[in-house]
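my_file-v9.csv follows; it contains CSV, C-alpha atoms.
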```csv
chain,number,residue,atom,x,y,z
J,1,MET,CA,-24.8,-18.9,-5.2
J,2,ARG,CA,-23.6,-16.8,-8.2
J,3,LYS,CA,-24.7,-13.6,-6.6
J,4,LEU,CA,-22.8,-14.5,-3.4
J,5,LEU,CA,-19.6,-15.2,-5.4
J,6,LEU,CA,-20.0,-12.0,-7.4
J,7,ALA,CA,-20.5,-10.0,-4.2
J,8,LEU,CA,-17.4,-11.5,-2.7
J,9,GLY,CA,-15.4,-10.9,-5.8
J,10,CYS,CA,-16.5,-7.2,-5.8
J,11,MET,CA,-15.6,-6.9,-2.2
J,12,PHE,CA,-12.1,-8.2,-2.7
J,13,LEU,CA,-11.6,-5.9,-5.6
J,14,VAL,CA,-12.6,-2.9,-3.6
J,15,VAL,CA,-10.4,-3.9,-0.7
J,16,GLY,CA,-7.5,-4.4,-3.1
J,17,LEU,CA,-7.9,-0.9,-4.5
J,18,VAL,CA,-8.0,0.6,-1.0
J,19,VAL,CA,-4.9,-1.2,0.1
J,20,ALA,CA,-3.1,-0.2,-3.1
J,21,ALA,CA,-1.7,3.0,-1.5
J,22,ASP,CA,2.1,2.8,-0.9
J,23,THR,CA,3.9,4.6,1.9
J,24,VAL,CA,7.0,6.3,0.5
J,25,THR,CA,9.6,8.9,1.4
J,26,LEU,CA,10.4,11.9,-0.8
J,27,VAL,CA,13.8,11.9,-2.4
J,28,LYS,CA,13.5,14.9,-4.8
J,29,TYR,CA,10.9,16.9,-6.7
J,30,ASP,CA,11.5,18.7,-10.0
J,31,LYS,CA,9.2,21.7,-10.1
J,32,ASP,CA,9.6,22.3,-13.9
J,33,THR,CA,8.7,18.7,-15.0
J,34,LYS,CA,6.4,18.0,-12.0
J,35,LYS,CA,8.3,14.7,-11.4
J,36,VAL,CA,8.5,13.3,-7.9
J,37,THR,CA,11.2,10.7,-7.0
J,38,VAL,CA,10.4,8.6,-4.0
J,39,LYS,CA,11.8,5.7,-2.1
J,40,ASP,CA,9.7,2.8,-0.9
J,41,LYS,CA,10.2,0.7,2.3
J,42,ASP,CA,12.6,-1.5,0.4
J,43,ASP,CA,14.8,1.5,-0.6
J,44,LYS,CA,13.8,1.2,-4.2
J,45,GLU,CA,13.5,4.5,-6.0
J,46,ALA,CA,10.8,5.4,-8.5
J,47,THR,CA,9.8,8.5,-10.4
J,48,TYR,CA,6.2,9.6,-11.0
J,49,THR,CA,4.5,12.6,-12.5
J,50,ILE,CA,2.1,14.9,-10.8
J,51,THR,CA,-0.8,15.9,-13.1
J,52,ASP,CA,-3.7,18.4,-12.7
J,53,LYS,CA,-5.9,15.4,-11.9
J,54,THR,CA,-3.8,14.3,-8.9
J,55,LYS,CA,-5.9,14.3,-5.8
J,56,VAL,CA,-4.4,15.6,-2.5
J,57,THR,CA,-5.6,14.5,0.9
J,58,ARG,CA,-4.3,15.7,4.2
J,59,ILE,CA,-4.9,13.8,7.5
J,60,ASP,CA,-4.8,15.9,10.6
J,61,LYS,CA,-3.5,14.8,14.0
J,62,ASP,CA,-7.0,13.7,15.0
J,63,GLY,CA,-7.3,11.4,11.9
J,64,ASN,CA,-9.7,13.7,10.0
J,65,LYS,CA,-9.3,13.7,6.2
J,66,LYS,CA,-9.4,17.0,4.4
J,67,GLU,CA,-9.0,17.7,0.7
J,68,GLY,CA,-5.8,19.6,0.0
J,69,LYS,CA,-4.7,21.8,-2.8
J,70,LEU,CA,-2.2,20.7,-5.5
J,71,GLU,CA,-0.3,24.0,-5.1
J,72,GLU,CA,0.2,23.3,-1.3
J,73,ILE,CA,1.7,19.9,-1.9
J,74,GLU,CA,4.0,21.2,-4.6
J,75,ARG,CA,5.2,23.9,-2.2
J,76,PHE,CA,5.9,21.2,0.5
J,77,LEU,CA,7.6,18.9,-2.1
J,78,SER,CA,9.8,21.8,-3.3
J,79,SER,CA,11.1,22.5,0.3
J,80,GLU,CA,14.8,21.4,0.8
J,81,LYS,CA,13.9,20.3,4.3
J,82,ALA,CA,11.3,17.8,2.9
J,83,ALA,CA,13.8,15.7,0.9
J,84,GLY,CA,14.6,12.5,2.7
J,85,LYS,CA,12.1,13.2,5.5
J,86,MET,CA,8.6,13.8,4.1
J,87,LYS,CA,6.6,10.6,4.2
J,88,MET,CA,3.4,10.2,2.2
J,89,GLU,CA,1.1,7.6,0.8
J,90,ILE,CA,0.7,7.5,-2.9
J,91,GLU,CA,-1.6,5.9,-5.5
J,92,VAL,CA,-0.1,5.4,-9.0
J,93,LYS,CA,-1.6,4.6,-12.3
J,94,ASP,CA,0.4,4.4,-15.5
J,95,GLY,CA,3.4,6.3,-14.0
J,96,LYS,CA,1.2,9.2,-12.8
J,97,LEU,CA,0.2,10.0,-9.3
J,98,THR,CA,-3.5,9.7,-8.9
J,99,GLU,CA,-3.5,10.5,-5.2
J,100,ILE,CA,-1.1,11.9,-2.5
J,101,ILE,CA,-2.0,11.5,1.1
J,102,THR,CA,0.0,13.3,3.8
J,103,LYS,CA,-0.3,13.4,7.5
J,104,GLY,CA,-0.2,16.7,9.3
J,105,ARG,CA,0.9,17.5,12.8
J,106,GLY,CA,-1.6,20.2,13.5
J,107,LYS,CA,-1.2,24.0,13.3
J,108,GLY,CA,2.2,25.5,13.7
J,109,LYS,CA,5.5,23.9,14.5
J,110,GLY,CA,5.2,20.7,16.6
J,111,GLY,CA,1.4,20.5,16.5
J,112,SER,CA,-0.9,21.9,19.0
J,113,LYS,CA,0.3,22.2,22.6
J,114,ASP,CA,-2.4,21.2,25.0
J,115,PRO,CA,-1.4,22.0,28.6
J,116,ASN,CA,-3.6,19.2,29.9
```
Write the structure described by the file as structure tokens, please.
Amino acid sequence: MRKLLLALGCMFLVVGLVVAADTVTLVKYDKDTKKVTVKDKDDKEATYTITDKTKVTRIDKDGNKKEGKLEEIERFLSSEKAAGKMKMEIEVKDGKLTEIITKGRGKGKGGSKDPN
């Protein structure tokens, strides 16, 4: 009985960690201090720091996950067009971003154009 309860407790802990990612919208990014200001679904703003340990994941249009590079995400965050439009999922620990997950639209502008 104890093993069953322990197993269930571990399962809920793991599920809680997976669900912990929040979907946010980029407000602004300060390249010098590596601070990202985002707005959550309730329009509450928060500022977090990107570190060298921040993991970047890109999800393509087919749902495949691919590890991204920190330099690439910083370039996207620095774009003036991204502010107010770029959506991403983040995981935070102690005010620092541990993971950034972005969804891509495929190669080129507007994703792939399949004539079929």
*Name the residues within 7 Å of (12.8, 14.8, -5.4), counting all atoms listed in the file in the file's coordinates, and put them as a ChimeraX atom specification.*
/J:26-30,36-38,83
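For the pair atom CA of J:Asp42 and atom CA of J:Thr102, the interatomic distance is 19.7 Å.
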*Which one is closest to J:Gly68: J:Lys44, J:Lys103, J:Lys3, J:Lys85? Count only C-alpha atoms.*
J:Lys103
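Interatomic distance, atom CA of J:Ala46 against atom CA of J:Leu77: 15.3 Å.
Our summary of the geometry notes that atom CA of J:Arg58 is positioned 20.6 Å from atom CA of J:Lys31.
Among the candidates J:Ile101, J:Lys35, J:Lys66, J:Thr57, the one nearest to J:Lys87 when counting only C-alpha atoms is J:Ile101.
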What are the nearest atom pairs, with distances in Å to one decimal, for all residues of stretch 14-62 of chain J that come at most 6 Å from stretch 88-98 of chain J, using all atoms listed in the file, set out by chain and rising residue number as JSON lines?
```
{"residue": "J:Ala21", "atom": "CA", "partner": "J:Glu91", "partner_atom": "CA", "distance": 4.9}
{"residue": "J:Asp22", "atom": "CA", "partner": "J:Glu89", "partner_atom": "CA", "distance": 5.2}
{"residue": "J:Thr23", "atom": "CA", "partner": "J:Glu89", "partner_atom": "CA", "distance": 4.2}
{"residue": "J:Val24", "atom": "CA", "partner": "J:Met88", "partner_atom": "CA", "distance": 5.6}
{"residue": "J:Tyr48", "atom": "CA", "partner": "J:Gly95", "partner_atom": "CA", "distance": 5.3}
{"residue": "J:Thr49", "atom": "CA", "partner": "J:Lys96", "partner_atom": "CA", "distance": 4.7}
{"residue": "J:Ile50", "atom": "CA", "partner": "J:Leu97", "partner_atom": "CA", "distance": 5.5}
{"residue": "J:Thr54", "atom": "CA", "partner": "J:Thr98", "partner_atom": "CA", "distance": 4.6}
```
*Name the closest residue to J:Asp60 among the candidates J:Gly104, J:Ile73, J:Thr25, J:Glu80; distances are taken between atoms, counting only C-alpha atoms.*
J:Gly104
_Proximity to J:Thr33 - best of J:Met86, J:Thr51, J:Ile100, J:Glu67, only C-alpha atoms_ = J:Thr51
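Nearest to J:Asp52 of all the residues J:Ala7, J:Glu99, J:Arg75, J:Lys65 is J:Glu99, based on only C-alpha atoms.
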